[in-house]
file work-v1.txt (compact mmCIF, C-alpha atoms)
# COMPACT_ATOMS: atom_id res chain seq x y z
CA MET S 1 -8.39 40.17 -72.44
CA LEU S 2 -11.19 37.93 -73.67
CA PRO S 3 -10.27 35.05 -75.97
CA LYS S 4 -10.77 35.91 -79.63
CA THR S 5 -13.58 33.37 -80.04
CA LEU S 6 -15.44 34.68 -76.98
CA THR S 7 -15.05 38.26 -78.21
CA ILE S 8 -16.61 37.34 -81.53
CA ILE S 9 -19.52 35.60 -79.76
CA VAL S 10 -20.16 38.62 -77.49
CA LEU S 11 -20.02 40.97 -80.48
CA PHE S 12 -22.46 38.76 -82.41
CA LEU S 13 -24.90 38.68 -79.50
CA PHE S 14 -24.63 42.47 -79.10
CA ILE S 15 -25.39 43.06 -82.78
CA SER S 16 -28.25 40.54 -82.71
CA PHE S 17 -29.79 42.23 -79.66
CA TRP S 18 -29.88 45.67 -81.25
CA SER S 19 -30.99 44.28 -84.60
CA ASN S 20 -33.93 42.53 -82.94
CA LEU S 21 -34.73 45.68 -81.01
CA ALA S 22 -34.77 47.72 -84.22
CA PHE S 23 -36.96 45.18 -86.01
CA SER S 24 -39.38 45.09 -83.05
CA ILE S 25 -40.79 48.44 -84.19
CA THR S 26 -43.96 47.70 -86.13
CA GLU S 27 -44.80 49.18 -89.51
CA ASP S 28 -47.54 51.26 -87.91
CA GLU S 29 -45.10 52.64 -85.36
CA LYS S 30 -42.63 53.44 -88.11
CA ASN S 31 -45.36 55.40 -89.86
CA ASN S 32 -46.15 57.32 -86.67
CA ILE S 33 -42.48 58.21 -86.30
CA ALA S 34 -42.15 59.22 -89.94
CA VAL S 35 -45.21 61.48 -89.84
CA TYR S 36 -44.09 63.15 -86.63
CA GLU S 37 -40.59 63.79 -87.95
CA LYS S 38 -42.03 65.15 -91.19
CA VAL S 39 -44.64 67.45 -89.67
CA ALA S 40 -43.89 68.34 -86.03
CA ASP S 41 -41.70 71.36 -86.79
CA GLY S 42 -44.60 72.90 -88.72
CA VAL S 43 -46.89 72.87 -85.67
CA VAL S 44 -46.68 76.02 -83.55
CA ASN S 45 -47.80 77.06 -80.10
CA ILE S 46 -50.03 80.16 -80.05
CA THR S 47 -50.37 82.32 -76.95
CA SER S 48 -53.13 84.92 -76.98
CA THR S 49 -53.34 87.72 -74.45
CA ALA S 50 -56.61 89.51 -73.76
CA ILE S 51 -57.29 92.34 -71.32
CA GLN S 52 -60.09 91.95 -68.82
CA MET S 53 -61.13 94.14 -65.90
CA ASP S 54 -60.95 93.00 -62.29
CA PHE S 55 -63.45 93.88 -59.55
CA PHE S 56 -61.93 97.37 -59.21
CA PHE S 57 -61.85 97.95 -62.99
CA ASN S 58 -58.11 97.52 -63.20
CA PRO S 59 -56.84 95.95 -66.46
CA LEU S 60 -56.00 92.29 -65.96
CA PRO S 61 -54.15 90.43 -68.75
CA THR S 62 -55.33 86.85 -69.27
CA GLN S 63 -53.66 84.28 -71.48
CA GLY S 64 -54.88 81.37 -73.52
CA THR S 65 -52.97 78.86 -75.61
CA GLY S 66 -53.65 76.85 -78.71
CA SER S 67 -51.97 75.32 -81.72
CA GLY S 68 -51.57 76.14 -85.37
CA SER S 69 -50.12 74.87 -88.65
CA ILE S 70 -47.69 76.73 -90.89
CA ILE S 71 -49.35 76.66 -94.32
CA ASP S 72 -46.93 78.60 -96.56
CA ASN S 73 -43.45 80.10 -96.69
CA LYS S 74 -44.84 83.60 -96.14
CA GLY S 75 -45.49 82.84 -92.47
CA HIS S 76 -49.25 82.28 -92.60
CA ILE S 77 -50.55 80.00 -89.85
CA LEU S 78 -53.93 78.27 -89.79
CA THR S 79 -55.69 77.93 -86.44
CA ASN S 80 -59.13 78.21 -84.80
CA HIS S 81 -61.05 81.47 -84.50
CA HIS S 82 -61.67 80.80 -80.83
CA VAL S 83 -57.92 80.53 -80.18
CA VAL S 84 -57.30 84.12 -81.29
CA ALA S 85 -60.67 85.80 -80.72
CA ASN S 86 -60.53 89.09 -78.75
CA ALA S 87 -56.77 88.87 -78.37
CA GLN S 88 -54.87 92.14 -77.92
CA LYS S 89 -51.56 90.33 -78.38
CA LEU S 90 -50.57 87.14 -80.20
CA GLU S 91 -47.28 85.27 -79.84
CA VAL S 92 -46.11 82.20 -81.73
CA THR S 93 -43.52 79.74 -80.46
CA LEU S 94 -41.74 77.77 -83.16
CA ALA S 95 -40.22 74.30 -82.84
CA ASP S 96 -36.77 75.76 -82.09
CA GLY S 97 -38.20 77.59 -79.08
CA SER S 98 -38.00 81.05 -80.63
CA LYS S 99 -40.95 83.35 -79.96
CA TRP S 100 -42.38 85.73 -82.55
CA PRO S 101 -45.15 88.36 -82.45
CA ALA S 102 -48.06 87.49 -84.71
CA LYS S 103 -50.86 89.51 -86.25
CA LEU S 104 -54.36 88.43 -87.12
CA ILE S 105 -54.85 88.32 -90.89
CA GLY S 106 -58.42 87.07 -91.06
CA SER S 107 -61.06 85.20 -89.12
CA ASP S 108 -64.16 83.17 -89.93
CA PRO S 109 -66.24 82.71 -86.75
CA ASP S 110 -68.87 80.66 -88.62
CA ASN S 111 -66.36 77.87 -89.32
CA ASP S 112 -64.15 78.57 -86.28
CA LEU S 113 -61.12 79.21 -88.49
CA ALA S 114 -58.51 81.97 -88.53
CA VAL S 115 -55.24 82.83 -90.22
CA ILE S 116 -52.44 84.66 -88.41
CA LYS S 117 -48.99 85.65 -89.69
CA ILE S 118 -45.45 85.90 -88.39
CA ASP S 119 -42.54 87.64 -90.09
CA VAL S 120 -39.58 85.27 -89.82
CA PRO S 121 -36.81 84.03 -92.10
CA LYS S 122 -38.12 81.44 -94.56
CA GLU S 123 -35.65 78.82 -93.34
CA LYS S 124 -37.49 78.77 -90.01
CA LEU S 125 -40.79 77.85 -91.64
CA LYS S 126 -41.73 74.19 -92.01
CA VAL S 127 -44.83 74.08 -94.21
CA ILE S 128 -47.33 71.28 -93.58
CA PRO S 129 -49.00 70.02 -96.79
CA MET S 130 -52.78 69.99 -97.05
CA GLY S 131 -54.59 66.83 -98.03
CA ASP S 132 -58.17 66.19 -99.10
CA SER S 133 -61.02 65.59 -96.67
CA LYS S 134 -63.30 64.29 -99.40
CA GLY S 135 -63.44 60.50 -99.46
CA LEU S 136 -62.34 59.96 -95.87
CA ARG S 137 -63.42 56.63 -94.39
CA ILE S 138 -64.54 55.65 -90.90
CA GLY S 139 -61.77 53.55 -89.39
CA GLN S 140 -59.02 55.41 -91.24
CA LYS S 141 -55.92 56.11 -89.16
CA VAL S 142 -55.34 59.72 -88.10
CA LEU S 143 -52.69 61.54 -86.08
CA ALA S 144 -52.99 64.76 -84.11
CA ILE S 145 -50.11 67.05 -83.18
CA GLY S 146 -50.63 69.97 -80.84
CA ASN S 147 -49.79 71.58 -77.54
CA PRO S 148 -52.18 70.07 -74.95
CA PHE S 149 -51.86 71.78 -71.57
CA GLY S 150 -48.82 73.64 -72.94
CA LEU S 151 -46.88 70.43 -73.68
CA GLN S 152 -45.50 71.36 -77.08
CA ARG S 153 -45.74 69.19 -80.19
CA THR S 154 -47.43 66.21 -78.56
CA LEU S 155 -48.43 63.35 -80.86
CA THR S 156 -51.57 61.27 -80.39
CA THR S 157 -53.03 58.71 -82.75
CA GLY S 158 -56.40 57.14 -83.39
CA ILE S 159 -58.97 56.57 -86.08
CA ILE S 160 -61.81 58.45 -87.71
CA SER S 161 -64.74 57.44 -85.50
CA SER S 162 -67.48 59.09 -87.54
CA LEU S 163 -68.04 61.52 -90.41
CA GLY S 164 -70.62 64.15 -91.24
CA ARG S 165 -71.13 65.37 -87.70
CA THR S 166 -72.58 68.82 -87.04
CA ILE S 167 -71.40 71.03 -84.18
CA ARG S 168 -72.30 74.58 -83.18
CA SER S 169 -69.71 77.35 -83.37
CA ASP S 170 -69.18 79.99 -80.69
CA VAL S 171 -71.33 82.41 -82.70
CA GLY S 172 -74.20 79.93 -82.91
CA THR S 173 -73.86 78.77 -86.51
CA GLU S 174 -73.76 75.10 -87.40
CA ILE S 175 -70.51 73.71 -88.77
CA GLU S 176 -71.20 70.69 -90.95
CA GLU S 177 -69.25 67.70 -92.25
CA ILE S 178 -67.23 67.56 -89.03
CA ILE S 179 -64.73 64.72 -88.54
CA GLN S 180 -65.03 62.80 -85.28
CA THR S 181 -61.92 61.06 -83.96
CA ASP S 182 -60.79 59.10 -80.91
CA ALA S 183 -57.24 60.50 -81.15
CA ALA S 184 -56.71 62.21 -77.79
CA ILE S 185 -57.45 65.96 -78.09
CA ASN S 186 -57.17 68.16 -75.02
CA PRO S 187 -57.20 71.89 -74.20
CA GLY S 188 -54.30 73.40 -76.13
CA ASN S 189 -54.79 71.10 -79.13
CA SER S 190 -57.31 73.52 -80.64
CA GLY S 191 -56.18 74.79 -84.02
CA GLY S 192 -53.64 72.04 -84.53
CA PRO S 193 -53.65 69.63 -87.46
CA LEU S 194 -55.41 66.30 -87.79
CA LEU S 195 -53.23 64.32 -90.20
CA ASN S 196 -53.48 61.26 -92.40
CA SER S 197 -50.78 58.61 -92.59
CA GLU S 198 -49.03 60.62 -95.33
CA GLY S 199 -48.53 63.56 -92.99
CA GLU S 200 -51.11 65.73 -94.77
CA ILE S 201 -53.63 67.94 -92.99
CA ILE S 202 -57.13 66.52 -93.34
CA GLY S 203 -58.73 68.46 -90.48
CA ILE S 204 -58.26 71.23 -87.93
CA ASN S 205 -58.84 70.06 -84.36
CA THR S 206 -61.45 72.29 -82.81
CA ALA S 207 -63.46 70.77 -79.98
CA ILE S 208 -63.99 67.83 -77.67
CA PHE S 209 -66.97 66.30 -75.95
CA THR S 210 -66.09 65.77 -72.33
CA PRO S 211 -67.84 65.67 -68.94
CA SER S 212 -64.49 66.03 -67.15
CA GLY S 213 -62.53 68.66 -69.11
CA GLY S 214 -60.09 66.07 -70.46
CA SER S 215 -60.14 63.75 -73.45
CA VAL S 216 -62.61 60.87 -73.36
CA GLY S 217 -62.00 59.83 -76.95
CA ILE S 218 -64.53 62.09 -78.66
CA GLY S 219 -62.83 64.88 -80.56
CA PHE S 220 -63.95 66.95 -83.52
CA ALA S 221 -62.05 68.46 -86.44
CA ILE S 222 -63.10 70.87 -89.18
CA PRO S 223 -62.49 69.25 -92.59
CA VAL S 224 -59.49 70.70 -94.42
CA ASN S 225 -61.55 71.26 -97.58
CA THR S 226 -63.55 73.85 -95.63
CA ALA S 227 -60.29 75.55 -94.66
CA LYS S 228 -58.98 75.45 -98.23
CA ARG S 229 -62.18 77.16 -99.38
CA VAL S 230 -61.99 80.08 -96.91
CA ILE S 231 -58.21 80.64 -96.54
CA PRO S 232 -57.86 82.67 -99.78
CA GLU S 233 -60.63 85.03 -98.63
CA LEU S 234 -59.16 85.36 -95.14
CA ILE S 235 -55.76 86.29 -96.56
CA ALA S 236 -57.17 88.60 -99.25
CA ARG S 237 -59.77 90.55 -97.28
CA GLY S 238 -59.64 89.36 -93.67
CA TYR S 239 -63.10 87.82 -93.61
CA VAL S 240 -65.39 85.50 -95.54
CA ILE S 241 -68.34 86.79 -97.55
CA TYR S 242 -71.56 84.87 -96.96
CA PRO S 243 -74.85 85.14 -98.87
CA TYR S 244 -77.78 86.61 -96.99
CA ILE S 245 -81.53 86.36 -97.38
CA GLY S 246 -82.32 88.71 -94.51
CA ALA S 247 -84.82 86.51 -92.72
CA THR S 248 -85.16 84.40 -89.60
CA ILE S 249 -86.44 80.95 -90.47
CA GLN S 250 -87.48 77.83 -88.61
CA SER S 251 -88.60 74.37 -89.61
CA LEU S 252 -92.21 73.44 -90.17
CA THR S 253 -92.78 69.99 -88.68
CA PRO S 254 -95.82 67.73 -89.07
CA GLU S 255 -96.71 68.48 -85.44
CA ILE S 256 -96.72 72.23 -86.06
CA ALA S 257 -98.53 71.80 -89.38
CA LYS S 258 -101.26 69.77 -87.72
CA PHE S 259 -101.64 72.35 -84.95
CA LEU S 260 -101.94 75.14 -87.54
CA LYS S 261 -104.27 73.02 -89.71
CA LEU S 262 -102.06 73.36 -92.79
CA LYS S 263 -102.28 71.21 -95.89
CA ILE S 264 -98.49 70.87 -96.04
CA GLU S 265 -96.36 69.13 -93.43
CA ASN S 266 -92.81 70.37 -94.03
CA GLY S 267 -90.93 73.45 -95.11
CA ALA S 268 -88.99 76.46 -93.84
CA MET S 269 -91.18 79.04 -92.13
CA ILE S 270 -90.27 82.71 -92.49
CA ALA S 271 -90.54 84.02 -88.95
CA GLN S 272 -89.11 87.52 -89.39
CA VAL S 273 -87.67 89.58 -92.24
CA ALA S 274 -84.93 92.16 -91.74
CA LYS S 275 -85.91 95.71 -92.61
CA GLY S 276 -84.45 96.65 -95.96
CA GLY S 277 -82.99 93.16 -96.47
CA PRO S 278 -83.24 90.91 -99.53
CA ALA S 279 -86.28 89.03 -98.20
CA GLU S 280 -88.25 92.22 -97.61
CA LYS S 281 -87.25 93.60 -101.03
CA ALA S 282 -88.42 90.36 -102.65
CA GLY S 283 -91.77 90.57 -100.91
CA LEU S 284 -91.40 87.65 -98.51
CA ARG S 285 -93.63 87.91 -95.46
CA GLY S 286 -92.75 87.13 -91.89
CA GLY S 287 -94.97 85.86 -89.09
CA ASN S 288 -97.55 88.06 -87.38
CA GLN S 289 -98.75 85.91 -84.50
CA ARG S 290 -97.02 84.07 -81.64
CA VAL S 291 -98.39 80.67 -80.72
CA GLN S 292 -97.22 77.94 -78.40
CA VAL S 293 -96.85 74.45 -79.85
CA GLY S 294 -95.83 71.98 -77.20
CA ASN S 295 -92.93 73.58 -75.32
CA ILE S 296 -91.95 76.09 -77.99
CA ILE S 297 -93.29 79.47 -79.00
CA ILE S 298 -93.17 80.23 -82.72
CA LEU S 299 -94.08 83.09 -85.02
CA VAL S 300 -96.69 81.96 -87.53
CA GLY S 301 -98.58 83.55 -90.39
CA GLY S 302 -95.59 84.12 -92.62
CA ASP S 303 -94.54 82.48 -95.86
CA ILE S 304 -93.42 78.85 -95.83
CA VAL S 305 -90.68 77.95 -98.29
CA VAL S 306 -91.34 74.52 -99.79
CA LYS S 307 -88.92 74.67 -102.75
CA VAL S 308 -85.80 76.60 -103.71
CA ASP S 309 -84.75 76.51 -107.38
CA GLN S 310 -87.06 73.50 -107.85
CA GLN S 311 -85.41 71.58 -104.99
CA GLU S 312 -87.70 70.44 -102.21
CA VAL S 313 -87.24 72.08 -98.81
CA LYS S 314 -88.35 70.13 -95.75
CA THR S 315 -86.36 71.88 -92.98
CA HIS S 316 -84.77 75.25 -92.41
CA GLU S 317 -81.37 73.50 -92.26
CA GLN S 318 -81.85 72.34 -95.86
CA LEU S 319 -82.58 75.88 -96.98
CA ILE S 320 -79.59 77.32 -95.11
CA ARG S 321 -77.33 74.62 -96.54
CA TYR S 322 -78.46 75.44 -100.08
CA ILE S 323 -78.07 79.21 -99.66
CA LYS S 324 -74.55 78.79 -98.22
CA GLU S 325 -73.40 77.37 -101.55
CA LYS S 326 -74.49 80.55 -103.35
CA LYS S 327 -72.87 83.98 -103.65
CA PRO S 328 -74.13 87.48 -102.93
CA GLY S 329 -75.84 88.75 -106.08
CA ASP S 330 -77.15 85.33 -107.10
CA THR S 331 -80.87 85.02 -107.77
CA VAL S 332 -82.81 82.17 -106.20
CA LEU S 333 -86.42 81.16 -106.83
CA PHE S 334 -88.54 80.31 -103.81
CA LYS S 335 -91.85 78.49 -104.02
CA VAL S 336 -93.76 79.56 -100.94
CA HIS S 337 -97.00 78.51 -99.31
CA ARG S 338 -98.96 81.68 -98.52
CA LYS S 339 -102.47 81.63 -97.08
CA GLY S 340 -103.35 78.32 -98.66
CA ASN S 341 -101.85 79.06 -102.08
CA PHE S 342 -98.45 78.54 -103.69
CA GLU S 343 -96.51 81.47 -105.14
CA ASP S 344 -93.09 81.93 -106.75
CA VAL S 345 -90.81 84.60 -105.30
CA LYS S 346 -87.50 85.66 -106.83
CA LEU S 347 -84.90 86.84 -104.34
CA ILE S 348 -81.50 88.41 -105.01
CA LEU S 349 -79.08 87.35 -102.28
CA GLY S 350 -77.26 90.06 -100.37
CA GLU S 351 -74.02 90.05 -98.41
CA ARG S 352 -74.48 89.04 -94.82
CA PRO S 353 -73.33 91.58 -92.23
CA ARG S 354 -69.99 90.60 -90.76
CA ARG S 355 -69.85 88.80 -87.42
CA LYS S 356 -67.43 90.09 -84.81
call {"tool": "encode", "arguments": {"input": "work-v1.txt", "output": "structure tokens"}}
result
Amino acid sequence: MLPKTLTIIVLFLFISFWSNLAFSITEDEKNNIAVYEKVADGVVNITSTAIQMDFFFNPLPTQGTGSGSIIDNKGHILTNHHVVANAQKLEVTLADGSKWPAKLIGSDPDNDLAVIKIDVPKEKLKVIPMGDSKGLRIGQKVLAIGNPFGLQRTLTTGIISSLGRTIRSDVGTEIEEIIQTDAAINPGNSGGPLLNSEGEIIGINTAIFTPSGGSVGIGFAIPVNTAKRVIPELIARGYVIYPYIGATIQSLTPEIAKFLKLKIENGAMIAQVAKGGPAEKAGLRGGNQRVQVGNIIILVGGDIVVKVDQQEVKTHEQLIRYIKEKKPGDTVLFKVHRKGNFEDVKLILGERPRRK
């Protein structure tokens, strides 16, 4: 046996070693650990199965995977539209490894968001709290948890690299106020949460920019405030109602204005109006002549919107952004440039046809 004094010394050194090891974890690392332990069980793996036809027209099941966040104790899960689009079968894997069939509750292709639902005992549901994406700062720490390449509940960390980005959804609409992050996001992370240091959802990871197929430190997340705005509609009716003017519009630039010899330089040109739509009912006029300006062909001769409700309109994006904040049934006042004169046109917004 070791002498009593030597035993005490060995015990002291052993305790000191493990104490130093414990204290070697930085405060930032402790926060990472705390957030992961708080949130990870609320992140699920989503497997979607779609049926395609092979060369001989035989049905061929194909699978895709993504991530999602449990958002309430009723089993609702927030994810991306593109994770669940066209799926004939949805399956959710929880943190304990159990697998549950899921059904699509609602989808918003314009914002690449969807809500699905599983029917499980409440004790199996770990709800992730939602934060606020307003007031985010570039340089702020963020954490992402998801299932990249099928590796479940993987944690990556980084910062907010930029704010206010715009990306294009799968259906061609522009999603604004996007959060850019350098936290590693890879295939399989889609639909998973982007978190702040309190473990609150501030974004929904949706896309990456990559020339290689893997993460190069440029990832994008939909702000959680967008999700909070559309979730009630998705759960209540299965889709989001958007206002509709019933017209195709494009920006009037100084180059186009000069070519057309106009006295104005900016605005939103009405290229086409939908038959029976709000724009046609209001008397707005679309283009009647195709001309080539530089490398683009445009429809000209229609009305040019220069103001909406007394707010100046310089681009078609400005007009779309303004209309998106309205509701079907609202009345808006357009000031349009028509054949050298300015006229006021009142338009009652309709409900945009649903996207599939």
call {"tool": "closest_atom_pairs", "arguments": {"input": "work-v1.txt", "of": "region 207-309 of chain S", "to": "region 97-119 of chain S", "cutoff": "7 Å", "atoms": "all atoms listed in the file", "output": "CSV"}}
result
residue,atom,partner,partner_atom,distance
S:Leu234,CA,S:Gly106,CA,4.5
S:Ile235,CA,S:Ile105,CA,6.1
S:Gly238,CA,S:Gly106,CA,3.7
S:Tyr239,CA,S:Gly106,CA,5.4
S:Val240,CA,S:Asp108,CA,6.2
call {"tool": "atom_distance", "arguments": {"input": "work-v1.txt", "atom1": "CA of Lys263 (chain S)", "atom2": "CA of Val332 (chain S)"}}
result
24.6 Å
call {"tool": "atom_distance", "arguments": {"input": "work-v1.txt", "atom1": "CA of Asn189 (chain S)", "atom2": "CA of Gly158 (chain S)"}}
result
14.7 Å
call {"tool": "atom_distance", "arguments": {"input": "work-v1.txt", "atom1": "CA of Glu29 (chain S)", "atom2": "CA of Gly192 (chain S)"}}
result
21.2 Å
call {"tool": "residues_near_point", "arguments": {"input": "work-v1.txt", "point": "(-97.4, 85.6, -85.3)", "cutoff": "8 Å", "atoms": "only C-alpha atoms", "output": "VMD selection string"}}
result
chain S and resid 271 287 to 291 298 to 302
call {"tool": "residues_around", "arguments": {"input": "work-v1.txt", "residues": "Ala184 (chain S)", "least_positions_apart": "5", "cutoff": "12 Å", "atoms": "all atoms listed in the file", "output": "compact mmCIF listing (two decimals) with C-alpha atoms, in the coordinates of the input"}}
result
# COMPACT_ATOMS: atom_id res chain seq x y z
CA VAL S 142 -55.34 59.72 -88.10
CA LEU S 143 -52.69 61.54 -86.08
CA ALA S 144 -52.99 64.76 -84.11
CA ILE S 145 -50.11 67.05 -83.18
CA GLY S 146 -50.63 69.97 -80.84
CA ASN S 147 -49.79 71.58 -77.54
CA PRO S 148 -52.18 70.07 -74.95
CA THR S 154 -47.43 66.21 -78.56
CA LEU S 155 -48.43 63.35 -80.86
CA THR S 156 -51.57 61.27 -80.39
CA THR S 157 -53.03 58.71 -82.75
CA GLY S 158 -56.40 57.14 -83.39
CA ILE S 159 -58.97 56.57 -86.08
CA ILE S 160 -61.81 58.45 -87.71
CA ASN S 189 -54.79 71.10 -79.13
CA SER S 190 -57.31 73.52 -80.64
CA LEU S 194 -55.41 66.30 -87.79
CA ASN S 205 -58.84 70.06 -84.36
CA ALA S 207 -63.46 70.77 -79.98
CA ILE S 208 -63.99 67.83 -77.67
CA PHE S 209 -66.97 66.30 -75.95
CA THR S 210 -66.09 65.77 -72.33
CA GLY S 214 -60.09 66.07 -70.46
CA SER S 215 -60.14 63.75 -73.45
CA VAL S 216 -62.61 60.87 -73.36
CA GLY S 217 -62.00 59.83 -76.95
CA ILE S 218 -64.53 62.09 -78.66
CA GLY S 219 -62.83 64.88 -80.56
CA PHE S 220 -63.95 66.95 -83.52
CA ALA S 221 -62.05 68.46 -86.44
call {"tool": "residues_near_point", "arguments": {"input": "work-v1.txt", "point": "(-52.6, 81.5, -80.0)", "cutoff": "10 Å", "atoms": "all atoms listed in the file", "output": "PyMOL selection string"}}
result
chain S and resi 44-49+63-68+79-85+87+89-93+102+116+188+190-191
call {"tool": "closest_residue", "arguments": {"input": "work-v1.txt", "among": "S:Ser251, S:Gln180, S:Gln272, S:Thr206", "to": "Glu317 (chain S)", "atoms": "all atoms listed in the file"}}
result
S:Ser251
call {"tool": "residues_around", "arguments": {"input": "work-v1.txt", "residues": "region 340-351 of chain S", "least_positions_apart": "5", "cutoff": "7 Å", "atoms": "only C-alpha atoms", "output": "PyMOL selection string"}}
result
chain S and resi 241-245+278-279+282+328-335
call {"tool": "closest_residue", "arguments": {"input": "work-v1.txt", "among": "S:Leu94, S:Met269, S:Val308, S:Met130", "to": "Pro223 (chain S)", "atoms": "all atoms listed in the file"}}
result
S:Met130
call {"tool": "closest_residue", "arguments": {"input": "work-v1.txt", "among": "S:Leu78, S:Val35, S:Leu252, S:Ala183", "to": "Val224 (chain S)", "atoms": "all atoms listed in the file"}}
result
S:Leu78
call {"tool": "residues_around", "arguments": {"input": "work-v1.txt", "residues": "Lys275 (chain S)", "least_positions_apart": "5", "cutoff": "9 Å", "atoms": "all atoms listed in the file", "output": "count of residues only"}}
result
3
call {"tool": "closest_residue", "arguments": {"input": "work-v1.txt", "among": "S:Ile222, S:Leu136, S:Leu125, S:Val273", "to": "Ile178 (chain S)", "atoms": "only C-alpha atoms"}}
result
S:Ile222
call {"tool": "closest_residue", "arguments": {"input": "work-v1.txt", "among": "S:Gly294, S:Glu27, S:Lys141, S:Gly267", "to": "Glu312 (chain S)", "atoms": "all atoms listed in the file"}}
result
S:Gly267
